[in-house]
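Structure file start_37.txt (compact mmCIF, N, CA and C atoms) follows.
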```txt
# COMPACT_ATOMS: atom_id res chain seq x y z
N MET A 1 -44.56 79.21 -119.64
CA MET A 1 -44.63 80.31 -118.73
C MET A 1 -46.05 80.82 -118.69
N ALA A 2 -46.39 81.19 -117.52
CA ALA A 2 -47.74 81.73 -117.35
C ALA A 2 -47.64 83.13 -116.80
N MET A 3 -48.58 83.90 -117.17
CA MET A 3 -48.60 85.27 -116.70
C MET A 3 -49.84 85.48 -115.86
N ARG A 4 -49.61 86.18 -114.79
CA ARG A 4 -50.72 86.48 -113.91
C ARG A 4 -50.94 88.00 -113.95
N LEU A 5 -52.10 88.28 -114.25
CA LEU A 5 -52.42 89.71 -114.30
C LEU A 5 -53.28 90.07 -113.10
N SER A 6 -52.83 91.04 -112.41
CA SER A 6 -53.63 91.50 -111.28
C SER A 6 -53.97 92.97 -111.51
N ALA A 7 -54.90 93.43 -110.77
CA ALA A 7 -55.38 94.79 -110.99
C ALA A 7 -54.32 95.84 -110.67
N GLY A 8 -53.57 95.63 -109.61
CA GLY A 8 -52.64 96.66 -109.20
C GLY A 8 -51.22 96.42 -109.65
N ALA A 9 -50.92 95.27 -110.22
CA ALA A 9 -49.53 94.95 -110.55
C ALA A 9 -49.30 95.16 -112.02
N ALA A 10 -48.21 95.81 -112.31
CA ALA A 10 -47.88 96.06 -113.70
C ALA A 10 -46.87 95.07 -114.21
N LYS A 11 -46.26 94.26 -113.30
CA LYS A 11 -45.23 93.30 -113.72
C LYS A 11 -45.84 91.92 -113.90
N PRO A 12 -45.44 91.23 -114.93
CA PRO A 12 -45.95 89.84 -115.09
C PRO A 12 -45.25 88.91 -114.10
N ALA A 13 -45.97 87.87 -113.56
CA ALA A 13 -45.40 86.86 -112.65
C ALA A 13 -45.11 85.61 -113.45
N CYS A 14 -43.92 85.10 -113.33
CA CYS A 14 -43.50 83.91 -114.09
C CYS A 14 -43.42 82.72 -113.17
N ASP A 15 -44.14 81.63 -113.49
CA ASP A 15 -44.06 80.36 -112.76
C ASP A 15 -43.61 79.26 -113.72
N ILE A 16 -42.80 78.36 -113.19
CA ILE A 16 -42.32 77.24 -114.02
C ILE A 16 -43.39 76.16 -114.04
N ASN A 17 -43.66 75.64 -115.24
CA ASN A 17 -44.60 74.53 -115.39
C ASN A 17 -43.85 73.24 -115.05
N THR A 18 -44.16 72.61 -113.92
CA THR A 18 -43.41 71.44 -113.45
C THR A 18 -43.96 70.11 -113.97
N THR A 19 -45.04 70.07 -114.68
CA THR A 19 -45.62 68.82 -115.18
C THR A 19 -44.67 68.10 -116.13
N PRO A 20 -44.04 68.72 -117.12
CA PRO A 20 -43.11 67.98 -117.97
C PRO A 20 -41.88 67.51 -117.20
N LEU A 21 -41.45 68.28 -116.20
CA LEU A 21 -40.31 67.87 -115.39
C LEU A 21 -40.62 66.61 -114.60
N ILE A 22 -41.82 66.54 -114.04
CA ILE A 22 -42.23 65.34 -113.29
C ILE A 22 -42.35 64.15 -114.23
N ASP A 23 -42.87 64.35 -115.43
CA ASP A 23 -42.99 63.26 -116.41
C ASP A 23 -41.62 62.70 -116.77
N VAL A 24 -40.66 63.56 -117.01
CA VAL A 24 -39.31 63.11 -117.36
C VAL A 24 -38.69 62.36 -116.19
N MET A 25 -38.87 62.86 -114.97
CA MET A 25 -38.31 62.18 -113.81
C MET A 25 -38.93 60.81 -113.61
N LEU A 26 -40.24 60.66 -113.83
CA LEU A 26 -40.89 59.37 -113.71
C LEU A 26 -40.39 58.38 -114.76
N VAL A 27 -40.19 58.85 -115.97
CA VAL A 27 -39.65 57.97 -117.03
C VAL A 27 -38.25 57.52 -116.67
N LEU A 28 -37.41 58.42 -116.16
CA LEU A 28 -36.07 58.04 -115.74
C LEU A 28 -36.09 57.06 -114.57
N LEU A 29 -37.02 57.25 -113.64
CA LEU A 29 -37.14 56.36 -112.50
C LEU A 29 -37.56 54.94 -112.94
N VAL A 30 -38.52 54.85 -113.83
CA VAL A 30 -38.95 53.54 -114.34
C VAL A 30 -37.82 52.88 -115.11
N THR A 31 -37.09 53.63 -115.89
CA THR A 31 -35.96 53.07 -116.64
C THR A 31 -34.90 52.54 -115.69
N LEU A 32 -34.65 53.27 -114.62
CA LEU A 32 -33.68 52.82 -113.63
C LEU A 32 -34.14 51.54 -112.94
N ILE A 33 -35.40 51.47 -112.58
CA ILE A 33 -35.93 50.28 -111.90
C ILE A 33 -35.88 49.07 -112.81
N VAL A 34 -36.18 49.24 -114.07
CA VAL A 34 -36.17 48.12 -115.02
C VAL A 34 -34.74 47.66 -115.31
N SER A 35 -33.81 48.58 -115.38
CA SER A 35 -32.44 48.20 -115.75
C SER A 35 -31.61 47.70 -114.58
N LEU A 36 -32.02 47.90 -113.33
CA LEU A 36 -31.22 47.45 -112.20
C LEU A 36 -31.04 45.93 -112.13
N PRO A 37 -32.06 45.11 -112.33
CA PRO A 37 -31.82 43.67 -112.27
C PRO A 37 -30.84 43.17 -113.34
N LEU A 38 -30.74 43.88 -114.43
CA LEU A 38 -29.80 43.47 -115.47
C LEU A 38 -28.36 43.78 -115.08
N LEU A 39 -28.18 44.71 -114.18
CA LEU A 39 -26.83 45.10 -113.81
C LEU A 39 -26.25 44.27 -112.67
N THR A 40 -27.07 43.46 -112.04
CA THR A 40 -26.55 42.64 -110.94
C THR A 40 -25.69 41.53 -111.51
N HIS A 41 -24.59 41.28 -110.89
CA HIS A 41 -23.66 40.26 -111.34
C HIS A 41 -23.61 39.14 -110.32
N ALA A 42 -23.52 37.92 -110.82
CA ALA A 42 -23.41 36.77 -109.92
C ALA A 42 -21.95 36.58 -109.52
N VAL A 43 -21.77 36.20 -108.30
CA VAL A 43 -20.42 35.92 -107.81
C VAL A 43 -20.16 34.44 -108.06
N LYS A 44 -19.14 34.13 -108.81
CA LYS A 44 -18.84 32.74 -109.14
C LYS A 44 -17.87 32.19 -108.11
N LEU A 45 -18.27 31.09 -107.49
CA LEU A 45 -17.46 30.43 -106.49
C LEU A 45 -17.06 29.06 -106.98
N ASN A 46 -15.85 28.70 -106.74
CA ASN A 46 -15.39 27.35 -107.06
C ASN A 46 -15.47 26.51 -105.79
N LEU A 47 -16.62 25.85 -105.63
CA LEU A 47 -16.83 25.02 -104.45
C LEU A 47 -16.28 23.63 -104.70
N PRO A 48 -15.82 22.97 -103.67
CA PRO A 48 -15.33 21.61 -103.87
C PRO A 48 -16.47 20.67 -104.22
N VAL A 49 -16.19 19.71 -105.05
CA VAL A 49 -17.19 18.75 -105.48
C VAL A 49 -17.18 17.58 -104.50
N PHE A 50 -18.36 17.25 -103.99
CA PHE A 50 -18.46 16.15 -103.03
C PHE A 50 -18.46 14.83 -103.78
N SER A 51 -17.58 13.98 -103.39
CA SER A 51 -17.57 12.63 -103.93
C SER A 51 -17.63 11.66 -102.77
N PRO A 52 -18.71 10.89 -102.69
CA PRO A 52 -18.85 9.97 -101.56
C PRO A 52 -17.77 8.90 -101.61
N PRO A 53 -17.38 8.42 -100.46
CA PRO A 53 -16.36 7.37 -100.45
C PRO A 53 -16.87 6.13 -101.15
N GLN A 54 -16.00 5.50 -101.87
CA GLN A 54 -16.37 4.31 -102.63
C GLN A 54 -16.28 3.09 -101.72
N ILE A 55 -17.43 2.69 -101.21
CA ILE A 55 -17.50 1.49 -100.38
C ILE A 55 -18.20 0.42 -101.19
N THR A 56 -17.51 -0.64 -101.42
CA THR A 56 -18.11 -1.73 -102.18
C THR A 56 -18.84 -2.64 -101.21
N ALA A 57 -20.06 -2.93 -101.54
CA ALA A 57 -20.85 -3.81 -100.69
C ALA A 57 -20.42 -5.25 -100.93
N PRO A 58 -20.28 -6.01 -99.85
CA PRO A 58 -19.92 -7.41 -100.02
C PRO A 58 -21.07 -8.17 -100.68
N PRO A 59 -20.77 -9.31 -101.28
CA PRO A 59 -21.85 -10.07 -101.93
C PRO A 59 -22.86 -10.58 -100.91
N ALA A 60 -24.06 -10.77 -101.38
CA ALA A 60 -25.14 -11.21 -100.50
C ALA A 60 -24.91 -12.66 -100.06
N ILE A 61 -25.37 -12.94 -98.85
CA ILE A 61 -25.28 -14.29 -98.29
C ILE A 61 -26.59 -15.00 -98.56
N GLU A 62 -26.52 -16.15 -99.16
CA GLU A 62 -27.71 -16.96 -99.44
C GLU A 62 -27.88 -17.95 -98.30
N LEU A 63 -28.95 -17.82 -97.54
CA LEU A 63 -29.22 -18.70 -96.41
C LEU A 63 -30.53 -19.42 -96.68
N GLU A 64 -30.44 -20.73 -96.83
CA GLU A 64 -31.62 -21.54 -97.11
C GLU A 64 -31.97 -22.36 -95.89
N ILE A 65 -33.27 -22.51 -95.69
CA ILE A 65 -33.77 -23.37 -94.61
C ILE A 65 -34.61 -24.44 -95.28
N ASP A 66 -34.15 -25.68 -95.22
CA ASP A 66 -34.86 -26.78 -95.85
C ASP A 66 -36.00 -27.26 -94.97
N ALA A 67 -36.86 -28.09 -95.55
CA ALA A 67 -38.03 -28.58 -94.83
C ALA A 67 -37.64 -29.46 -93.66
N ASP A 68 -36.50 -30.17 -93.75
CA ASP A 68 -36.08 -31.04 -92.65
C ASP A 68 -35.28 -30.29 -91.58
N GLY A 69 -35.12 -28.97 -91.71
CA GLY A 69 -34.43 -28.17 -90.71
C GLY A 69 -32.97 -27.94 -91.01
N THR A 70 -32.49 -28.35 -92.19
CA THR A 70 -31.10 -28.15 -92.57
C THR A 70 -30.89 -26.69 -92.95
N LEU A 71 -29.84 -26.11 -92.42
CA LEU A 71 -29.47 -24.73 -92.76
C LEU A 71 -28.36 -24.78 -93.80
N VAL A 72 -28.51 -24.07 -94.89
CA VAL A 72 -27.53 -24.05 -95.97
C VAL A 72 -27.03 -22.62 -96.12
N TRP A 73 -25.73 -22.42 -95.87
CA TRP A 73 -25.08 -21.11 -95.92
C TRP A 73 -24.24 -21.05 -97.19
N ASN A 74 -24.68 -20.27 -98.17
CA ASN A 74 -23.97 -20.13 -99.46
C ASN A 74 -23.62 -21.49 -100.07
N GLY A 75 -24.54 -22.42 -100.02
CA GLY A 75 -24.34 -23.71 -100.67
C GLY A 75 -23.75 -24.78 -99.80
N SER A 76 -23.28 -24.48 -98.60
CA SER A 76 -22.72 -25.51 -97.72
C SER A 76 -23.62 -25.65 -96.49
N ALA A 77 -23.90 -26.90 -96.14
CA ALA A 77 -24.81 -27.19 -95.03
C ALA A 77 -24.12 -26.91 -93.70
N LEU A 78 -24.88 -26.37 -92.77
CA LEU A 78 -24.38 -26.10 -91.42
C LEU A 78 -24.88 -27.21 -90.49
N PRO A 79 -24.06 -27.63 -89.53
CA PRO A 79 -24.50 -28.73 -88.66
C PRO A 79 -25.62 -28.34 -87.69
N ASP A 80 -25.59 -27.11 -87.18
CA ASP A 80 -26.61 -26.73 -86.20
C ASP A 80 -26.76 -25.21 -86.16
N LEU A 81 -27.67 -24.77 -85.34
CA LEU A 81 -27.96 -23.34 -85.23
C LEU A 81 -26.82 -22.59 -84.53
N ALA A 82 -26.03 -23.28 -83.71
CA ALA A 82 -24.91 -22.62 -83.02
C ALA A 82 -23.84 -22.17 -84.02
N ARG A 83 -23.61 -22.98 -85.05
CA ARG A 83 -22.64 -22.59 -86.09
C ARG A 83 -23.14 -21.36 -86.84
N LEU A 84 -24.44 -21.34 -87.11
CA LEU A 84 -25.03 -20.17 -87.77
C LEU A 84 -24.89 -18.93 -86.88
N GLU A 85 -25.05 -19.11 -85.60
CA GLU A 85 -24.88 -17.99 -84.66
C GLU A 85 -23.45 -17.45 -84.71
N ASN A 86 -22.47 -18.34 -84.83
CA ASN A 86 -21.07 -17.90 -84.95
C ASN A 86 -20.86 -17.11 -86.23
N TYR A 87 -21.45 -17.55 -87.33
CA TYR A 87 -21.34 -16.82 -88.59
C TYR A 87 -21.98 -15.43 -88.46
N PHE A 88 -23.15 -15.38 -87.83
CA PHE A 88 -23.83 -14.11 -87.62
C PHE A 88 -23.00 -13.18 -86.75
N HIS A 89 -22.36 -13.73 -85.73
CA HIS A 89 -21.53 -12.91 -84.85
C HIS A 89 -20.35 -12.31 -85.61
N ALA A 90 -19.75 -13.09 -86.51
CA ALA A 90 -18.64 -12.57 -87.32
C ALA A 90 -19.12 -11.48 -88.28
N LEU A 91 -20.31 -11.66 -88.84
CA LEU A 91 -20.85 -10.64 -89.75
C LEU A 91 -21.27 -9.38 -89.00
N GLY A 92 -21.77 -9.53 -87.79
CA GLY A 92 -22.25 -8.38 -87.02
C GLY A 92 -21.13 -7.46 -86.60
N SER A 93 -19.92 -7.98 -86.45
CA SER A 93 -18.80 -7.14 -86.04
C SER A 93 -18.06 -6.53 -87.23
N ALA A 94 -18.46 -6.87 -88.45
CA ALA A 94 -17.81 -6.32 -89.65
C ALA A 94 -18.22 -4.87 -89.86
N ALA A 95 -17.35 -4.11 -90.52
CA ALA A 95 -17.65 -2.68 -90.77
C ALA A 95 -18.79 -2.53 -91.76
N VAL A 96 -18.77 -3.33 -92.81
CA VAL A 96 -19.83 -3.29 -93.81
C VAL A 96 -20.49 -4.66 -93.81
N GLN A 97 -21.78 -4.68 -93.50
CA GLN A 97 -22.48 -5.94 -93.40
C GLN A 97 -23.10 -6.32 -94.74
N PRO A 98 -22.95 -7.57 -95.15
CA PRO A 98 -23.58 -8.00 -96.40
C PRO A 98 -25.07 -8.26 -96.18
N PRO A 99 -25.87 -8.13 -97.21
CA PRO A 99 -27.29 -8.48 -97.06
C PRO A 99 -27.43 -10.00 -96.97
N ILE A 100 -28.43 -10.43 -96.24
CA ILE A 100 -28.70 -11.87 -96.10
C ILE A 100 -30.01 -12.16 -96.80
N HIS A 101 -29.97 -13.07 -97.76
CA HIS A 101 -31.16 -13.50 -98.48
C HIS A 101 -31.62 -14.81 -97.86
N LEU A 102 -32.74 -14.77 -97.21
CA LEU A 102 -33.29 -15.93 -96.51
C LEU A 102 -34.30 -16.62 -97.42
N ARG A 103 -34.07 -17.93 -97.66
CA ARG A 103 -34.96 -18.71 -98.52
C ARG A 103 -35.49 -19.92 -97.74
N PRO A 104 -36.61 -19.78 -97.06
CA PRO A 104 -37.16 -20.93 -96.35
C PRO A 104 -37.93 -21.82 -97.32
N ALA A 105 -37.89 -23.12 -97.05
CA ALA A 105 -38.68 -24.06 -97.86
C ALA A 105 -40.15 -23.91 -97.48
N ARG A 106 -41.00 -24.43 -98.34
CA ARG A 106 -42.43 -24.30 -98.11
C ARG A 106 -42.85 -24.96 -96.79
N HIS A 107 -42.27 -26.09 -96.47
CA HIS A 107 -42.66 -26.84 -95.28
C HIS A 107 -41.64 -26.70 -94.15
N ALA A 108 -40.85 -25.66 -94.19
CA ALA A 108 -39.88 -25.42 -93.11
C ALA A 108 -40.63 -25.00 -91.85
N SER A 109 -40.06 -25.35 -90.72
CA SER A 109 -40.67 -25.02 -89.44
C SER A 109 -40.62 -23.51 -89.21
N TYR A 110 -41.77 -22.96 -88.86
CA TYR A 110 -41.82 -21.52 -88.57
C TYR A 110 -40.94 -21.18 -87.38
N ASP A 111 -40.88 -22.11 -86.42
CA ASP A 111 -40.07 -21.89 -85.23
C ASP A 111 -38.60 -21.74 -85.61
N LEU A 112 -38.12 -22.57 -86.53
CA LEU A 112 -36.72 -22.48 -86.95
C LEU A 112 -36.45 -21.17 -87.69
N VAL A 113 -37.38 -20.76 -88.55
CA VAL A 113 -37.22 -19.50 -89.27
C VAL A 113 -37.19 -18.33 -88.29
N ALA A 114 -38.05 -18.38 -87.28
CA ALA A 114 -38.09 -17.31 -86.28
C ALA A 114 -36.80 -17.30 -85.45
N ARG A 115 -36.25 -18.49 -85.13
CA ARG A 115 -35.00 -18.54 -84.35
C ARG A 115 -33.83 -18.00 -85.18
N VAL A 116 -33.83 -18.27 -86.49
CA VAL A 116 -32.76 -17.75 -87.36
C VAL A 116 -32.84 -16.23 -87.42
N MET A 117 -34.04 -15.69 -87.56
CA MET A 117 -34.19 -14.23 -87.61
C MET A 117 -33.85 -13.59 -86.27
N ALA A 118 -34.18 -14.27 -85.16
CA ALA A 118 -33.84 -13.74 -83.84
C ALA A 118 -32.33 -13.76 -83.63
N ALA A 119 -31.65 -14.80 -84.14
CA ALA A 119 -30.19 -14.85 -84.04
C ALA A 119 -29.55 -13.72 -84.83
N ALA A 120 -30.11 -13.41 -85.99
CA ALA A 120 -29.59 -12.30 -86.80
C ALA A 120 -29.79 -10.98 -86.06
N GLN A 121 -30.94 -10.83 -85.43
CA GLN A 121 -31.22 -9.59 -84.71
C GLN A 121 -30.32 -9.45 -83.48
N ARG A 122 -30.06 -10.53 -82.79
CA ARG A 122 -29.17 -10.48 -81.61
C ARG A 122 -27.76 -10.05 -81.98
N ASN A 123 -27.34 -10.39 -83.20
CA ASN A 123 -25.98 -10.07 -83.64
C ASN A 123 -25.93 -8.79 -84.47
N HIS A 124 -26.99 -7.98 -84.37
CA HIS A 124 -27.04 -6.65 -84.99
C HIS A 124 -26.96 -6.70 -86.51
N LEU A 125 -27.57 -7.69 -87.11
CA LEU A 125 -27.69 -7.75 -88.57
C LEU A 125 -29.05 -7.19 -88.95
N HIS A 126 -29.04 -6.18 -89.79
CA HIS A 126 -30.29 -5.49 -90.11
C HIS A 126 -30.75 -5.74 -91.54
N ASP A 127 -29.87 -6.10 -92.41
CA ASP A 127 -30.23 -6.24 -93.82
C ASP A 127 -30.51 -7.71 -94.13
N ILE A 128 -31.67 -8.17 -93.72
CA ILE A 128 -32.07 -9.55 -93.96
C ILE A 128 -33.45 -9.51 -94.60
N GLY A 129 -33.63 -10.32 -95.62
CA GLY A 129 -34.90 -10.31 -96.32
C GLY A 129 -35.23 -11.66 -96.91
N PHE A 130 -36.51 -11.88 -97.10
CA PHE A 130 -36.98 -13.11 -97.71
C PHE A 130 -36.90 -12.98 -99.22
N VAL A 131 -36.38 -14.02 -99.84
CA VAL A 131 -36.20 -13.99 -101.29
C VAL A 131 -37.04 -15.10 -101.89
N ASN A 132 -37.77 -14.77 -102.94
CA ASN A 132 -38.53 -15.74 -103.72
C ASN A 132 -39.53 -16.49 -102.85
N VAL A 133 -40.28 -15.78 -102.02
CA VAL A 133 -41.26 -16.43 -101.18
C VAL A 133 -42.53 -16.76 -101.94
N ALA A 134 -42.74 -16.19 -103.11
CA ALA A 134 -43.93 -16.48 -103.87
C ALA A 134 -43.87 -17.91 -104.42
N GLU A 135 -42.70 -18.38 -104.72
CA GLU A 135 -42.54 -19.73 -105.25
C GLU A 135 -41.65 -20.51 -104.29
N PHE A 136 -42.25 -21.00 -103.21
CA PHE A 136 -41.47 -21.74 -102.23
C PHE A 136 -40.88 -22.98 -102.87
N LYS A 137 -39.65 -23.28 -102.54
CA LYS A 137 -39.05 -24.50 -103.04
C LYS A 137 -39.49 -25.66 -102.17
N ASP A 138 -39.56 -26.82 -102.73
CA ASP A 138 -39.99 -28.00 -101.96
C ASP A 138 -38.84 -28.82 -101.47
```
With the file now loaded, output its structure as C-alpha cells.
Amino acid sequence: MAMRLSAGAAKPACDINTTPLIDVMLVLLVTLIVSLPLLTHAVKLNLPVFSPPQITAPPAIELEIDADGTLVWNGSALPDLARLENYFHALGSAAVQPPIHLRPARHASYDLVARVMAAAQRNHLHDIGFVNVAEFKD
C-alpha cells in the first residue's frame, strides 16, 4: 500500500500494487501454455489393413535365337516365325503376362531378333528382356 500525502488532504489514498499480481498471472499463463500439449489425447482408429491381392507371376519364358535362325521356345524348337507369333498372341491376351527372356546367339541375324521383338510388341507383350548378353552363346 502506498500513501499519498497532499497539502490539503488529511486522508491517506490507498492504491493496490499490481506488479506481483501481473507476475503471478504471467507464471500461470506460462504454466498453462507448457502443460496444454501434454493434455492433448490422440484418437485411436482401427483402420483396415491393406493386403494386396496375391497374384502369382507365371514362370518366365526362355526364348533362344540360334545363329542359324532357329527359334527355341522353352527348350522346344519352333518351325517358323508364324508359330512364334501365335504363341505371342496367346500370351498377349492373358490376364497376367509372363516375362520373356530373350537369348540371341552371338551370330544370330539382327533382322530376326528385330522381327521377334516387333512381333512381341504387336501382341502387347511388354516384359521382354535380353538375358546373358555379355556372354553370347555360340
Taking only chain A into account, list the residues labelled helix (DSSP H, G or I) by DSSP (computed from the backbone), as JSON, numbers by chain. {"A": [19, 20, 21, 22, 23, 24, 25, 26, 27, 28, 29, 30, 31, 32, 33, 34, 35, 36, 37, 38, 39, 81, 82, 83, 84, 85, 86, 87, 88, 89, 90, 91, 92, 110, 111, 112, 113, 114, 115, 116, 117, 118, 119, 120, 121, 122]}
Write the residues you've just listed into a file as a short mmCIF file (atom, residue, chain, number, x, y, z; two decimals), keeping the file's coordinate frame, and include N, CA and C atoms for each of them.
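So the final result, stored in selection36.cif, reads:
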```
data_model
loop_
_atom_site.label_atom_id
_atom_site.label_comp_id
_atom_site.auth_asym_id
_atom_site.auth_seq_id
_atom_site.Cartn_x
_atom_site.Cartn_y
_atom_site.Cartn_z
N THR A 19 -45.04 70.07 -114.68
CA THR A 19 -45.62 68.82 -115.18
C THR A 19 -44.67 68.10 -116.13
N PRO A 20 -44.04 68.72 -117.12
CA PRO A 20 -43.11 67.98 -117.97
C PRO A 20 -41.88 67.51 -117.20
N LEU A 21 -41.45 68.28 -116.20
CA LEU A 21 -40.31 67.87 -115.39
C LEU A 21 -40.62 66.61 -114.60
N ILE A 22 -41.82 66.54 -114.04
CA ILE A 22 -42.23 65.34 -113.29
C ILE A 22 -42.35 64.15 -114.23
N ASP A 23 -42.87 64.35 -115.43
CA ASP A 23 -42.99 63.26 -116.41
C ASP A 23 -41.62 62.70 -116.77
N VAL A 24 -40.66 63.56 -117.01
CA VAL A 24 -39.31 63.11 -117.36
C VAL A 24 -38.69 62.36 -116.19
N MET A 25 -38.87 62.86 -114.97
CA MET A 25 -38.31 62.18 -113.81
C MET A 25 -38.93 60.81 -113.61
N LEU A 26 -40.24 60.66 -113.83
CA LEU A 26 -40.89 59.37 -113.71
C LEU A 26 -40.39 58.38 -114.76
N VAL A 27 -40.19 58.85 -115.97
CA VAL A 27 -39.65 57.97 -117.03
C VAL A 27 -38.25 57.52 -116.67
N LEU A 28 -37.41 58.42 -116.16
CA LEU A 28 -36.07 58.04 -115.74
C LEU A 28 -36.09 57.06 -114.57
N LEU A 29 -37.02 57.25 -113.64
CA LEU A 29 -37.14 56.36 -112.50
C LEU A 29 -37.56 54.94 -112.94
N VAL A 30 -38.52 54.85 -113.83
CA VAL A 30 -38.95 53.54 -114.34
C VAL A 30 -37.82 52.88 -115.11
N THR A 31 -37.09 53.63 -115.89
CA THR A 31 -35.96 53.07 -116.64
C THR A 31 -34.90 52.54 -115.69
N LEU A 32 -34.65 53.27 -114.62
CA LEU A 32 -33.68 52.82 -113.63
C LEU A 32 -34.14 51.54 -112.94
N ILE A 33 -35.40 51.47 -112.58
CA ILE A 33 -35.93 50.28 -111.90
C ILE A 33 -35.88 49.07 -112.81
N VAL A 34 -36.18 49.24 -114.07
CA VAL A 34 -36.17 48.12 -115.02
C VAL A 34 -34.74 47.66 -115.31
N SER A 35 -33.81 48.58 -115.38
CA SER A 35 -32.44 48.20 -115.75
C SER A 35 -31.61 47.70 -114.58
N LEU A 36 -32.02 47.90 -113.33
CA LEU A 36 -31.22 47.45 -112.20
C LEU A 36 -31.04 45.93 -112.13
N PRO A 37 -32.06 45.11 -112.33
CA PRO A 37 -31.82 43.67 -112.27
C PRO A 37 -30.84 43.17 -113.34
N LEU A 38 -30.74 43.88 -114.43
CA LEU A 38 -29.80 43.47 -115.47
C LEU A 38 -28.36 43.78 -115.08
N LEU A 39 -28.18 44.71 -114.18
CA LEU A 39 -26.83 45.10 -113.81
C LEU A 39 -26.25 44.27 -112.67
N LEU A 81 -27.67 -24.77 -85.34
CA LEU A 81 -27.96 -23.34 -85.23
C LEU A 81 -26.82 -22.59 -84.53
N ALA A 82 -26.03 -23.28 -83.71
CA ALA A 82 -24.91 -22.62 -83.02
C ALA A 82 -23.84 -22.17 -84.02
N ARG A 83 -23.61 -22.98 -85.05
CA ARG A 83 -22.64 -22.59 -86.09
C ARG A 83 -23.14 -21.36 -86.84
N LEU A 84 -24.44 -21.34 -87.11
CA LEU A 84 -25.03 -20.17 -87.77
C LEU A 84 -24.89 -18.93 -86.88
N GLU A 85 -25.05 -19.11 -85.60
CA GLU A 85 -24.88 -17.99 -84.66
C GLU A 85 -23.45 -17.45 -84.71
N ASN A 86 -22.47 -18.34 -84.83
CA ASN A 86 -21.07 -17.90 -84.95
C ASN A 86 -20.86 -17.11 -86.23
N TYR A 87 -21.45 -17.55 -87.33
CA TYR A 87 -21.34 -16.82 -88.59
C TYR A 87 -21.98 -15.43 -88.46
N PHE A 88 -23.15 -15.38 -87.83
CA PHE A 88 -23.83 -14.11 -87.62
C PHE A 88 -23.00 -13.18 -86.75
N HIS A 89 -22.36 -13.73 -85.73
CA HIS A 89 -21.53 -12.91 -84.85
C HIS A 89 -20.35 -12.31 -85.61
N ALA A 90 -19.75 -13.09 -86.51
CA ALA A 90 -18.64 -12.57 -87.32
C ALA A 90 -19.12 -11.48 -88.28
N LEU A 91 -20.31 -11.66 -88.84
CA LEU A 91 -20.85 -10.64 -89.75
C LEU A 91 -21.27 -9.38 -89.00
N GLY A 92 -21.77 -9.53 -87.79
CA GLY A 92 -22.25 -8.38 -87.02
C GLY A 92 -21.13 -7.46 -86.60
N TYR A 110 -41.77 -22.96 -88.86
CA TYR A 110 -41.82 -21.52 -88.57
C TYR A 110 -40.94 -21.18 -87.38
N ASP A 111 -40.88 -22.11 -86.42
CA ASP A 111 -40.07 -21.89 -85.23
C ASP A 111 -38.60 -21.74 -85.61
N LEU A 112 -38.12 -22.57 -86.53
CA LEU A 112 -36.72 -22.48 -86.95
C LEU A 112 -36.45 -21.17 -87.69
N VAL A 113 -37.38 -20.76 -88.55
CA VAL A 113 -37.22 -19.50 -89.27
C VAL A 113 -37.19 -18.33 -88.29
N ALA A 114 -38.05 -18.38 -87.28
CA ALA A 114 -38.09 -17.31 -86.28
C ALA A 114 -36.80 -17.30 -85.45
N ARG A 115 -36.25 -18.49 -85.13
CA ARG A 115 -35.00 -18.54 -84.35
C ARG A 115 -33.83 -18.00 -85.18
N VAL A 116 -33.83 -18.27 -86.49
CA VAL A 116 -32.76 -17.75 -87.36
C VAL A 116 -32.84 -16.23 -87.42
N MET A 117 -34.04 -15.69 -87.56
CA MET A 117 -34.19 -14.23 -87.61
C MET A 117 -33.85 -13.59 -86.27
N ALA A 118 -34.18 -14.27 -85.16
CA ALA A 118 -33.84 -13.74 -83.84
C ALA A 118 -32.33 -13.76 -83.63
N ALA A 119 -31.65 -14.80 -84.14
CA ALA A 119 -30.19 -14.85 -84.04
C ALA A 119 -29.55 -13.72 -84.83
N ALA A 120 -30.11 -13.41 -85.99
CA ALA A 120 -29.59 -12.30 -86.80
C ALA A 120 -29.79 -10.98 -86.06
N GLN A 121 -30.94 -10.83 -85.43
CA GLN A 121 -31.22 -9.59 -84.71
C GLN A 121 -30.32 -9.45 -83.48
N ARG A 122 -30.06 -10.53 -82.79
CA ARG A 122 -29.17 -10.48 -81.61
C ARG A 122 -27.76 -10.05 -81.98
#
```
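Candidate residues A:Phe50, A:Ala90, A:Arg103, A:His126 were compared for distance to Asn74 in chain A, and the nearest is A:Arg103, using only C-alpha atoms.
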Atom N of Pro98 in chain A to atom C of Phe130 in chain A measures 15.5 Å
Quick check, in Å to one decimal: how far apart do atom C of Leu125 in chain A and CA of Asp66 in chain A lie?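 If I compute the distance from atom C of Leu125 in chain A to CA of Asp66 in chain A, I get 21.6 Å.
Here CA of Arg122 in chain A stands at a distance of 21.8 Å from atom N of Ala105 in chain A.
Closest approach to Pro104 in chain A from the set A:Ile65, A:Ala60, A:Val30, A:Ala42 is made by A:Ile65, with distances taken over only N, CA and C atoms.
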Select, from A:Ser51, A:Thr56, A:Asn132, A:Ser76, the residue with the minimum atom-to-atom distance to Leu102 in chain A, counting all atoms listed in the file.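 Using all atoms listed in the file, the shortest distance to Leu102 in chain A belongs to A:Asn132.
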